[in-house]
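Asks: model.cif is reproduced below (mmCIF, C-alpha atoms).
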data_upload
loop_
_atom_site.label_atom_id
_atom_site.label_comp_id
_atom_site.auth_asym_id
_atom_site.auth_seq_id
_atom_site.Cartn_x
_atom_site.Cartn_y
_atom_site.Cartn_z
CA PRO A 1 23.41 28.18 24.91
CA TYR A 2 21.23 31.18 24.24
CA TYR A 3 19.29 29.59 21.38
CA LYS A 4 18.21 26.59 23.49
CA SER A 5 16.21 28.81 25.82
CA THR A 6 14.95 31.41 23.37
CA GLY A 7 14.98 29.75 19.94
CA VAL A 8 16.54 32.96 18.59
CA TYR A 9 19.98 32.99 16.93
CA SER A 10 22.54 35.66 16.29
CA GLU A 11 25.33 35.35 13.70
CA GLU A 12 27.93 34.15 16.22
CA HIS A 13 25.57 31.54 17.68
CA LEU A 14 24.88 30.25 14.16
CA GLU A 15 28.57 29.56 13.58
CA ASP A 16 28.75 27.37 16.70
CA PHE A 17 25.53 25.66 15.70
CA SER A 18 26.94 24.71 12.26
CA LYS A 19 29.94 23.04 13.95
CA ASP A 20 27.55 20.94 16.04
CA LEU A 21 25.79 19.86 12.86
CA VAL A 22 29.01 18.54 11.31
CA PHE A 23 29.64 16.22 14.25
CA SER A 24 26.07 14.88 14.28
CA ALA A 25 25.76 14.56 10.47
CA TRP A 26 26.28 10.79 10.43
CA LYS A 27 23.13 10.43 12.54
CA VAL A 28 21.19 12.92 10.45
CA VAL A 29 21.90 11.48 6.98
CA PRO A 30 19.37 8.57 7.08
CA ARG A 31 16.69 10.95 8.34
CA VAL A 32 17.43 13.48 5.60
CA ILE A 33 17.45 10.88 2.83
CA SER A 34 14.17 9.29 3.91
CA SER A 35 12.33 12.59 4.48
CA VAL A 36 13.54 14.37 1.32
CA LEU A 37 12.90 11.39 -0.98
CA SER A 38 9.46 10.75 0.52
CA TYR A 39 8.55 14.41 0.12
CA ALA A 40 9.77 14.43 -3.50
CA ALA A 41 7.80 11.26 -4.33
CA GLU A 42 4.62 12.62 -2.77
CA ARG A 43 5.07 15.91 -4.60
CA LYS A 44 5.21 14.07 -7.93
CA MET A 45 2.07 12.11 -7.01
CA VAL A 46 0.14 15.26 -6.14
CA LYS A 47 1.09 17.16 -9.30
CA ASN A 48 -1.27 15.11 -11.48
CA TYR A 49 -4.20 15.70 -9.16
CA ASP A 50 -3.86 19.16 -7.66
CA GLU A 51 -2.17 22.14 -9.31
CA HIS A 52 -1.82 24.13 -6.07
CA PRO A 53 -1.39 21.65 -3.22
CA LYS A 54 -0.51 22.62 0.33
CA TYR A 55 1.52 20.30 2.48
CA SER A 56 -0.24 19.31 5.70
CA SER A 57 1.85 17.16 8.01
CA GLU A 58 -1.18 15.61 9.74
CA ARG A 59 -3.53 15.28 6.73
CA LYS A 60 -6.63 15.74 8.88
CA ASN A 61 -8.88 16.77 6.01
CA ARG A 62 -8.21 13.92 3.57
CA SER A 63 -11.03 11.35 3.59
CA THR A 64 -10.86 7.69 2.59
CA LEU A 65 -12.80 6.44 -0.44
CA LEU A 66 -13.14 2.65 -0.08
CA ASN A 67 -15.63 2.76 2.78
CA PHE A 68 -18.56 0.68 4.01
CA ASN A 69 -21.05 3.46 4.63
CA LYS A 70 -24.78 2.88 4.98
CA SER A 71 -27.65 5.34 4.64
CA ASP A 72 -31.07 3.85 5.53
CA ASP A 73 -31.21 0.74 3.32
CA ASN A 74 -28.60 2.04 0.88
CA TYR A 75 -25.37 0.06 1.25
CA LYS A 76 -22.97 2.42 -0.49
CA GLY A 77 -19.85 0.29 -0.12
CA MET A 78 -21.07 -2.90 -1.81
CA PRO A 79 -18.77 -2.53 -4.88
CA VAL A 80 -15.77 -2.43 -2.51
CA LEU A 81 -16.47 -6.09 -1.73
CA ASN A 82 -15.54 -6.84 -5.35
CA LEU A 83 -11.97 -5.91 -4.43
CA ILE A 84 -11.67 -8.16 -1.39
CA TYR A 85 -14.01 -11.16 -1.78
CA PRO A 86 -12.23 -14.41 -2.85
CA PHE A 87 -14.49 -15.43 -5.75
CA GLU A 88 -14.02 -19.09 -6.58
CA TYR A 89 -15.31 -18.66 -10.15
CA PHE A 90 -12.91 -15.86 -11.06
CA ALA A 91 -9.94 -17.45 -9.27
CA THR A 92 -10.23 -21.00 -10.63
CA GLU A 93 -12.16 -20.84 -13.90
CA ILE A 94 -10.30 -17.83 -15.31
CA ASN A 95 -6.53 -18.16 -15.45
CA PRO A 96 -4.79 -15.18 -17.11
CA LEU A 97 -1.53 -17.13 -17.45
CA GLU A 98 -3.17 -19.99 -19.37
CA ILE A 99 -5.07 -17.52 -21.54
CA SER A 100 -1.82 -15.67 -22.29
CA ILE A 101 -0.09 -18.92 -23.30
CA ASP A 102 -3.02 -19.92 -25.52
CA LEU A 103 -2.96 -16.54 -27.24
CA TYR A 104 0.77 -16.04 -27.65
CA GLU A 105 2.58 -19.32 -26.90
CA ASP A 106 6.21 -18.19 -26.32
CA GLU A 107 5.68 -14.44 -26.73
CA LEU A 108 4.76 -11.88 -24.10
CA ALA A 109 1.01 -11.38 -23.91
CA ASN A 110 -0.78 -8.13 -24.61
CA MET A 111 -2.87 -7.18 -21.58
CA TRP A 112 -5.81 -5.89 -23.61
CA ASP A 113 -6.05 -9.09 -25.65
CA VAL A 114 -6.18 -11.10 -22.42
CA ILE A 115 -8.88 -8.81 -21.01
CA GLU A 116 -10.93 -9.17 -24.19
CA LYS A 117 -10.72 -12.96 -24.00
CA VAL A 118 -11.76 -12.95 -20.32
CA LYS A 119 -14.55 -10.50 -21.07
CA ILE A 120 -16.01 -12.76 -23.78
CA ASN A 121 -15.89 -15.79 -21.46
CA ILE A 122 -17.71 -13.92 -18.69
CA GLN A 123 -20.23 -12.35 -21.05
CA ASN A 124 -21.19 -15.70 -22.57
CA ARG A 125 -21.68 -17.21 -19.11
CA LEU A 126 -23.55 -14.31 -17.53
CA GLU A 127 -25.97 -13.62 -20.39
CA LYS A 128 -27.32 -17.17 -20.11
CA LEU A 129 -27.70 -16.88 -16.33
CA VAL A 130 -29.61 -13.58 -16.33
CA GLU A 131 -32.23 -14.48 -18.94
CA SER A 132 -34.79 -15.08 -16.19
CA ILE A 133 -34.01 -11.86 -14.29
CA GLU A 134 -36.68 -9.22 -14.64
CA ILE A 135 -35.53 -5.83 -15.94
CA GLU A 136 -37.92 -3.55 -14.10
CA ASP A 137 -36.98 -0.36 -15.93
CA SER A 138 -34.59 -0.17 -18.86
CA SER A 139 -34.51 3.62 -18.82
CA TYR A 140 -31.92 3.88 -16.02
CA ILE A 141 -28.59 2.17 -15.42
CA ASP A 142 -28.64 0.01 -12.30
CA GLU A 143 -25.19 0.04 -10.69
CA ARG A 144 -26.12 -2.88 -8.44
CA TRP A 145 -25.07 -5.04 -11.40
CA TYR A 146 -21.42 -4.34 -10.52
CA TRP A 147 -21.61 -6.37 -7.31
CA LEU A 148 -24.58 -8.65 -8.04
CA ALA A 149 -23.16 -10.03 -11.31
CA PRO A 150 -20.12 -11.63 -9.55
CA LEU A 151 -22.52 -13.24 -7.07
CA ILE A 152 -24.65 -14.67 -9.89
CA LEU A 153 -21.55 -16.13 -11.53
CA GLU A 154 -20.30 -17.50 -8.19
CA GLU A 155 -23.60 -19.16 -7.33
CA ASN A 156 -23.76 -20.92 -10.69
CA HIS A 157 -20.13 -22.02 -10.51
CA LEU A 158 -20.50 -23.62 -7.07
CA LYS A 159 -23.79 -25.25 -8.03
CA VAL A 160 -22.19 -26.86 -11.11
CA ARG A 161 -19.09 -27.99 -9.21
CA GLU A 162 -21.21 -29.44 -6.35
CA GLU A 163 -18.12 -29.50 -4.13
CA ARG A 164 -19.50 -27.20 -1.48
CA SER A 165 -21.91 -24.31 -1.14
CA PHE A 166 -21.36 -20.57 -1.08
CA PHE A 167 -22.41 -20.63 2.57
CA GLU A 168 -19.53 -22.92 3.55
CA ASP A 169 -17.12 -20.28 2.25
CA ILE A 170 -19.07 -17.54 4.03
CA LYS A 171 -19.14 -19.48 7.31
CA ALA A 172 -15.36 -19.96 7.26
CA ILE A 173 -14.92 -16.20 6.84
CA GLN A 174 -17.47 -15.23 9.49
CA GLU A 175 -15.94 -17.54 12.09
CA SER A 176 -12.48 -16.03 11.66
CA GLU A 177 -10.98 -13.64 14.22
CA PHE A 178 -10.52 -11.11 11.44
CA PHE A 179 -14.26 -10.92 10.76
CA LYS A 180 -15.18 -10.69 14.45
CA ASN A 181 -12.87 -7.69 14.84
CA ARG A 182 -14.29 -5.71 11.89
CA GLY A 183 -16.50 -2.66 12.28
CA VAL A 184 -20.28 -2.59 12.02
CA GLY A 185 -20.18 -1.10 8.51
CA PHE A 186 -18.24 -4.01 7.03
CA LYS A 187 -20.37 -6.61 8.83
CA ASP A 188 -23.61 -4.97 7.65
CA HIS A 189 -22.39 -4.94 4.05
CA PHE A 190 -21.29 -8.56 4.31
CA SER A 191 -24.72 -9.54 5.70
CA ASN A 192 -26.35 -7.72 2.80
CA TYR A 193 -24.09 -9.70 0.46
CA ILE A 194 -25.34 -12.97 1.98
CA ASN A 195 -29.00 -11.91 1.89
CA SER A 196 -28.66 -10.84 -1.74
CA PHE A 197 -27.15 -14.22 -2.57
CA LYS A 198 -30.13 -15.97 -0.98
CA ASP A 199 -32.51 -13.88 -3.06
CA LEU A 200 -30.82 -14.11 -6.46
CA ASN A 201 -33.83 -15.89 -7.99
CA ASN A 202 -36.11 -12.98 -7.15
CA LEU A 203 -33.97 -10.17 -8.49
CA SER A 204 -35.51 -7.20 -10.25
CA LEU A 205 -32.93 -4.88 -11.75
CA GLY A 206 -32.54 -1.95 -14.08
CA LYS A 207 -30.38 -1.75 -17.20
CA MET A 208 -26.83 -3.15 -17.15
CA PRO A 209 -24.00 -0.56 -17.15
CA ASN A 210 -22.34 -0.31 -20.56
CA ASP A 211 -18.94 -1.21 -19.11
CA LEU A 212 -20.16 -4.10 -16.91
CA PHE A 213 -18.32 -6.89 -18.72
CA ASP A 214 -15.11 -4.82 -18.89
CA VAL A 215 -15.26 -4.26 -15.14
CA LEU A 216 -15.99 -7.94 -14.43
CA ALA A 217 -12.99 -8.91 -16.57
CA LYS A 218 -10.79 -6.55 -14.55
CA ILE A 219 -12.10 -8.03 -11.28
CA ALA A 220 -11.20 -11.50 -12.56
CA ILE A 221 -7.68 -10.38 -13.53
CA ALA A 222 -6.71 -7.78 -10.93
CA ALA A 223 -8.96 -7.67 -7.84
CA PRO A 224 -6.77 -8.29 -4.75
CA GLY A 225 -9.15 -10.93 -3.34
CA VAL A 226 -9.10 -12.98 -6.54
CA THR A 227 -5.38 -12.64 -7.27
CA ILE A 228 -4.34 -13.46 -3.70
CA LYS A 229 -6.51 -16.58 -3.78
CA ARG A 230 -4.82 -17.73 -7.01
CA SER A 231 -1.37 -17.17 -5.51
CA LEU A 232 -2.19 -19.08 -2.31
CA HIS A 233 -3.59 -21.95 -4.37
CA LEU A 234 -0.09 -22.40 -5.82
CA LYS A 235 1.10 -23.49 -2.36
CA SER A 236 -1.97 -25.05 -0.75
CA ASP A 237 -5.28 -26.77 -1.51
CA ASP A 238 -6.83 -25.99 1.89
CA ARG A 239 -9.71 -24.02 0.36
CA LEU A 240 -11.60 -22.88 3.45
CA ASN A 241 -8.42 -21.66 5.14
CA ILE A 242 -7.35 -19.98 1.91
CA ASN A 243 -10.66 -18.10 1.78
CA LYS A 244 -10.48 -16.67 5.28
CA HIS A 245 -6.80 -15.75 4.90
CA THR A 246 -7.39 -14.26 1.46
CA ILE A 247 -10.10 -11.86 2.58
CA GLU A 248 -7.91 -10.71 5.47
CA ILE A 249 -4.96 -9.99 3.17
CA ALA A 250 -7.26 -8.35 0.62
CA TYR A 251 -8.68 -6.13 3.36
CA ALA A 252 -5.11 -4.98 4.07
CA PHE A 253 -4.85 -4.09 0.37
CA ARG A 254 -8.06 -2.11 0.75
CA ASN A 255 -6.47 -0.19 3.62
CA LEU A 256 -3.36 0.39 1.50
CA PHE A 257 -5.43 1.89 -1.32
CA ASN A 258 -7.26 4.01 1.26
CA ARG A 259 -4.15 5.89 2.37
CA PRO A 260 -4.08 9.56 1.39
CA GLU A 261 -0.87 9.45 -0.65
CA ASN A 262 -2.10 6.42 -2.62
CA ILE A 263 -5.52 7.98 -3.22
CA THR A 264 -3.75 11.07 -4.53
CA LEU A 265 -1.63 8.98 -6.89
CA ILE A 266 -4.44 6.80 -8.26
CA ARG A 267 -6.96 9.62 -8.64
CA GLY A 268 -4.35 11.62 -10.51
CA LEU A 269 -4.01 8.86 -13.10
CA ASN A 270 -7.72 8.87 -13.98
CA ILE A 271 -10.10 11.50 -12.64
CA ASN A 272 -13.33 10.29 -14.27
CA ASP A 273 -14.13 6.77 -13.04
CA PRO A 274 -15.24 5.79 -9.50
CA TYR A 275 -12.25 5.21 -7.26
CA TRP A 276 -12.73 1.44 -6.92
CA HIS A 277 -12.63 1.20 -10.74
CA ARG A 278 -9.35 3.09 -10.74
CA VAL A 279 -7.91 0.73 -8.13
CA LEU A 280 -8.65 -2.18 -10.47
CA ASP A 281 -6.94 -0.37 -13.35
CA TYR A 282 -3.91 0.41 -11.19
CA ALA A 283 -3.61 -3.21 -9.99
CA MET A 284 -4.02 -4.46 -13.56
CA ASP A 285 -1.42 -2.07 -14.99
CA GLY A 286 1.06 -3.24 -12.35
CA ASN A 287 0.27 -6.93 -13.00
CA ILE A 288 -0.69 -7.61 -9.40
CA GLN A 289 -1.07 -11.34 -10.10
CA SER A 290 2.52 -11.77 -11.25
CA MET A 291 3.78 -9.67 -8.34
CA LEU A 292 1.87 -11.77 -5.78
CA ASP A 293 2.91 -15.08 -7.33
CA GLU A 294 6.56 -14.03 -7.07
CA TYR A 295 6.22 -12.65 -3.54
CA VAL A 296 4.48 -15.77 -2.22
CA HIS A 297 7.26 -17.91 -3.74
CA ILE A 298 9.93 -15.73 -2.10
CA LEU A 299 8.24 -15.77 1.31
CA TYR A 300 7.77 -19.53 1.32
CA GLU A 301 11.49 -20.02 0.77
CA SER A 302 12.84 -17.21 2.97
CA MET A 303 10.55 -18.11 5.89
CA GLY A 304 11.13 -21.86 5.55
CA LEU A 305 7.40 -22.52 5.09
CA ASN A 306 7.97 -25.50 2.79
CA ASN A 307 9.04 -27.53 5.81
CA ILE A 308 5.91 -27.09 7.99
CA ASP A 309 2.26 -28.12 7.66
CA GLN A 310 0.03 -26.23 5.22
CA LYS A 311 -2.26 -24.72 7.84
CA SER A 312 0.61 -23.18 9.81
CA ALA A 313 2.38 -22.09 6.63
CA LEU A 314 -0.71 -20.25 5.37
CA LYS A 315 -1.12 -18.46 8.68
CA GLU A 316 2.52 -17.31 8.80
CA LEU A 317 2.39 -16.27 5.16
CA LYS A 318 -0.75 -14.21 5.79
CA GLU A 319 0.79 -12.45 8.77
CA SER A 320 3.95 -11.58 6.85
CA LEU A 321 1.97 -10.23 3.88
CA ILE A 322 -0.24 -8.11 6.11
CA ASN A 323 2.76 -6.75 8.04
CA SER A 324 4.35 -5.59 4.79
CA LEU A 325 1.11 -4.04 3.52
CA SER A 326 0.30 -2.36 6.83
CA LEU A 327 3.51 -0.42 7.43
CA ARG A 328 2.46 2.91 8.91
CA THR A 329 3.45 6.31 7.59
CA VAL A 330 5.88 7.90 10.03
CA SER A 331 7.03 11.44 10.68
CA LEU A 332 10.52 12.85 11.10
CA ASP A 333 11.22 16.23 12.67
CA TYR A 334 13.20 18.94 10.93
CA ASP A 335 14.21 22.46 11.92
CA GLU A 336 13.22 25.39 9.78
CA LEU A 337 15.51 28.40 10.16
CA TRP A 338 14.03 31.92 9.79
CA LYS A 339 15.81 35.24 9.74
CA ARG A 340 13.91 38.32 10.82
CA ASN A 341 15.46 41.66 11.84
CA ASN A 342 18.93 40.10 11.85
CA LYS A 343 17.76 37.47 14.30
CA TYR A 344 17.50 33.76 13.53
CA LYS A 345 14.66 31.64 14.80
CA ILE A 346 14.11 27.90 14.53
CA GLU A 347 10.68 26.31 14.12
CA LYS A 348 10.08 22.59 14.60
CA ASN A 349 8.19 20.83 11.82
CA ASN A 350 7.70 17.25 10.71
CA ILE A 351 7.54 15.51 7.37
CA ARG A 352 5.89 12.26 6.30
CA CYS A 353 8.03 9.28 5.35
CA HIS A 354 6.66 6.39 3.35
CA TYR A 355 8.50 6.13 0.00
CA ALA A 356 11.84 6.00 1.83
CA LEU A 357 12.55 5.13 5.48
CA LYS A 358 15.46 5.14 7.85
CA PHE A 359 16.34 1.76 9.34
CA GLY A 360 15.35 1.79 12.98
CA LYS A 361 12.44 2.67 15.19
CA ALA A 362 10.02 5.21 13.74
CA LYS A 363 7.37 7.47 15.23
CA ASN A 364 4.30 9.27 13.92
CA TYR A 365 3.59 12.99 14.23
CA GLN A 366 2.17 12.39 17.72
CA ASP A 367 5.62 11.11 18.74
CA LYS A 368 4.34 7.56 19.26
CA THR A 369 6.42 4.60 18.14
CA VAL A 370 4.61 2.93 15.23
CA MET A 371 7.25 0.52 13.87
CA ARG A 372 10.46 -1.21 14.80
CA GLU A 373 13.53 -2.36 12.90
CA ASN A 374 12.17 -5.80 12.00
CA GLN A 375 8.95 -4.27 10.59
CA VAL A 376 10.94 -1.86 8.41
CA ARG A 377 13.18 -4.69 7.19
CA GLU A 378 10.20 -6.93 6.41
CA ALA A 379 8.45 -4.19 4.42
CA PHE A 380 11.63 -3.30 2.52
CA ASN A 381 12.01 -6.98 1.60
CA SER A 382 8.64 -6.83 -0.18
CA PRO A 383 7.24 -5.31 -3.39
CA PHE A 384 5.65 -2.55 -1.31
CA LYS A 385 6.93 0.65 0.28
CA PRO A 386 9.50 1.67 1.38
CA PHE A 387 11.46 1.53 -1.87
CA VAL A 388 14.56 3.17 -0.35
CA LEU A 389 16.14 2.24 2.98
CA ALA A 390 18.67 4.59 4.57
CA THR A 391 20.82 3.20 7.35
CA THR A 392 23.93 3.82 9.38
CA SER A 393 26.54 1.06 9.79
CA ILE A 394 24.04 -0.86 11.93
CA GLY A 395 22.57 -2.25 8.71
CA GLN A 396 25.82 -3.37 7.09
CA GLU A 397 26.13 -6.81 8.71
CA GLY A 398 23.94 -9.83 9.36
CA LEU A 399 20.78 -8.64 7.58
CA ASP A 400 19.29 -9.66 4.23
CA PHE A 401 18.00 -6.89 1.97
CA HIS A 402 18.37 -8.66 -1.38
CA GLN A 403 14.83 -9.83 -2.12
CA TYR A 404 13.58 -6.61 -3.70
CA CYS A 405 16.71 -4.46 -3.78
CA HIS A 406 19.48 -4.33 -6.40
CA SER A 407 21.61 -1.31 -5.41
CA VAL A 408 23.70 -0.14 -2.49
CA ILE A 409 24.71 3.52 -2.53
CA HIS A 410 27.53 4.29 -0.11
CA TRP A 411 27.27 7.62 1.67
CA ASN A 412 30.91 7.20 2.69
CA LEU A 413 33.61 4.58 2.25
CA PRO A 414 34.82 2.57 5.27
CA ASN A 415 38.56 2.34 5.90
CA ASN A 416 38.32 -1.45 6.14
CA PRO A 417 37.67 -3.29 2.82
CA VAL A 418 35.94 -6.11 4.73
CA ASP A 419 33.28 -3.63 5.81
CA LEU A 420 32.76 -2.64 2.17
CA GLU A 421 32.30 -6.28 1.23
CA GLN A 422 29.88 -6.77 4.12
CA ARG A 423 27.76 -3.85 2.96
CA GLU A 424 27.43 -5.10 -0.59
CA GLY A 425 26.79 -8.59 0.72
CA ARG A 426 23.43 -7.40 2.04
CA ILE A 427 22.04 -7.53 -1.50
CA HIS A 428 24.64 -9.48 -3.51
CA ARG A 429 23.10 -12.83 -2.55
CA TYR A 430 21.43 -15.92 -3.98
CA LYS A 431 18.09 -15.04 -5.61
CA GLY A 432 18.85 -11.36 -5.29
#
Give the structure from this file in structure tokens form.

Replies:
Amino acid sequence: PYYKSTGVYSEEHLEDFSKDLVFSAWKVVPRVISSVLSYAAERKMVKNYDEHPKYSSERKNRSTLLNFNKSDDNYKGMPVLNLIYPFEYFATEINPLEISIDLYEDELANMWDVIEKVKINIQNRLEKLVESIEIEDSSYIDERWYWLAPLILEENHLKVREERSFFEDIKAIQESEFFKNRGVGFKDHFSNYINSFKDLNNLSLGKMPNDLFDVLAKIAIAAPGVTIKRSLHLKSDDRLNINKHTIEIAYAFRNLFNRPENITLIRGLNINDPYWHRVLDYAMDGNIQSMLDEYVHILYESMGLNNIDQKSALKELKESLINSLSLRTVSLDYDELWKRNNKYKIEKNNIRCHYALKFGKAKNYQDKTVMRENQVREAFNSPFKPFVLATTSIGQEGLDFHQYCHSVIHWNLPNNPVDLEQREGRIHRYKG
């Protein structure tokens, strides 16, 4: 046809083209649903942050914020380690669930009351530990407190417990394949963490930030590294393996919070605080601990991990969690129809899909395959994106979608009632 070679349409060509669309609609529907819903979700995210946004399909100019950058001897990404390090003190000595029960017994707890209780516990402990630390200049606020205070608490906790040293935990992490494959920036920051720990007795700091104890309480309640460690402890007591798996999963959370659409969402909720503070608030508001406890329970059962040894179970659990967190944003093509001088022209464009996805292979804007059916299914069966899955009849039999889904919306109705029952059976299942 004429339009295939020229990309220009006349009225009569357009009529033929519309007939072609009707016959191919059943293939198009999942693509339309996933692209339109993803676009709508992203548009709502952006509205709180930018009044006049422009849609860029490749997002080349959007930078990440949770980075491990270094300038001379200034390690700018040290506070990011608060999000991913598996602190033993926060994870084992502070239990939000127990605090909630103590405060409210059979009633639902108020988050701010729990935070206040945690804050008082941390403040009482830390103020005794820092009495010997020299305050070199009380006229300026020293932000190093944000990442040094957790280390001070950790060092004291391990010393009192006398079960093992901080360096045993560090060694387990550094010997992992995950650590060996990290970039120079992360390794430099981690080395600085270790060196700072060795030198805690010779610290000389400025004034504490006014919100230090509030931030430490939020780290104890909502930092991915701490909450993941608590959840894994529910299933295993293999501490060194838990530490190295925890930091790997928490690093995947860091990557999740570093994606442009998530940065846009979280920055739009609070534009004043540093981004890593906002991540803590976001994780706390969503009760990340409860979400992870539930998800770990679901995975252990659905993957049959209760029937294998702890070491293997932890490894498989880690891989499944990271796969769900690491689902790539994909692009779907669409045609934009223009009319100029009574001529129609089609332009190819693409649109990001993350909130909703079609079930099947997916490609990025460079036309490279970035995920397959099993990856999409695994991510949909998680608390993370995608939240909507659009599929043809290929998804109506033999697959479980019930773990985090409660609704099936039929685009059409099959002529066989067994097919209808099969469709709804994807989510109408035990523990759905």

Asks: Could the centre and edge lengths of an axis-aligned box, enclosing all atoms of range 335-345 of chain A in the file with 8 Å extra on each side, be given in Å to one decimal as lines of an AutoDock Vina configuration file?

Replies:
center_x = 16.1
center_y = 32.1
center_z = 12.3
size_x = 21.7
size_y = 35.2
size_z = 21.1

Asks: Starting from the displayed file, determine the output of the PyMOL selection byres ((chain A and resi 314-322) around 9) and express the residue list as a VMD selection string.

Replies: chain A and resid 232 235 to 236 241 to 242 245 to 246 248 to 250 252 to 253 295 to 296 299 to 300 303 305 309 to 313 323 to 327 378 to 379 382

Asks: Given the PyMOL selection byres ((chain A and resi 227) around 9) and the file above, list the residues it selects as a list of chain:residue names.

Replies: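 Evaluating the PyMOL selection byres ((chain A and resi 227) around 9) on these coordinates yields A:Pro86, A:Ala91, A:Ala220, A:Ile221, A:Ala222, A:Ala223, A:Pro224, A:Gly225, A:Val226, A:Ile228, A:Lys229, A:Arg230, A:Ser231, A:Leu232, A:Ile288, A:Gln289, A:Ser290, A:Leu292, A:Asp293.
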
Asks: Written as number ranges by chain, what is the full residue list that the PyMOL selection byres ((chain A and resi 198-202) around 12) yields on the file shown?

Replies: A: 129-136, 145, 148-156, 165-167, 191-197, 203-205

Asks: Show me the residues around (-2.9, 10.9, -8.0) - criterion: an atom at most 7 Å away, all atoms listed in the file counted - as a ChimeraX atom specification.

Replies: /A:45-46,48-49,263-269

Asks: Restricting the calculation to only C-alpha atoms, which member of A:Glu51, A:Glu347, A:Asp214, A:Glu261 is positioned closest to Asp281 in chain A?

Replies: A:Asp214

Asks: For each of A:Ile115, A:Ile94, A:Ala172, A:Leu108, take the minimum atom-to-atom distance to Asp285 in chain A, counting all atoms listed in the file, then give the residue where this is smallest.

Replies: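 Between A:Ile115, A:Ile94, A:Ala172, A:Leu108, the residue approaching Asp285 in chain A most closely is A:Ile115.
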
Asks: Rounded to one decimal place, report the CA of Phe213 in chain A-CA of Asn258 in chain A distance in Å.

Replies: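 Going from CA of Phe213 in chain A over to CA of Asn258 in chain A covers 25.3 Å.
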
Asks: Excluding Lys119 in chain A and any residue of its chain fewer than 3 positions from it, enumerate the residues within 12 Å of it, using only C-alpha atoms, and give them as number ranges by chain.

Replies: A: 90, 94, 96, 99, 112-116, 122-127, 211-221

Asks: One decimal, in Å: what's the spacing between CA of Asp169 in chain A and CA of Leu240 in chain A?

Replies: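 Here the two named atoms are 6.2 Å from each other.
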
Asks: Taking (-23.0, -5.1, 1.7) as a centre in this file's frame and 10 Å as the limit, can you find every polymer residue with an atom that close, using all atoms listed in the file, and give them as a VMD selection string?

Replies: chain A and resid 68 to 70 74 to 81 147 185 to 196

Asks: Taking all atoms listed in the file into account, which of A:Thr329, A:Asn415, A:Asn67, A:Gln422 comes nearest Pro386 in chain A?

Replies: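 Counting all atoms listed in the file, the residue closest to Pro386 in chain A is A:Thr329.
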
Asks: In Å, with one decimal, what is the gap from CA of Glu424 in chain A to CA of Phe387 in chain A?

Replies: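 Computed distance, CA of Glu424 in chain A to CA of Phe387 in chain A, equals 17.3 Å.
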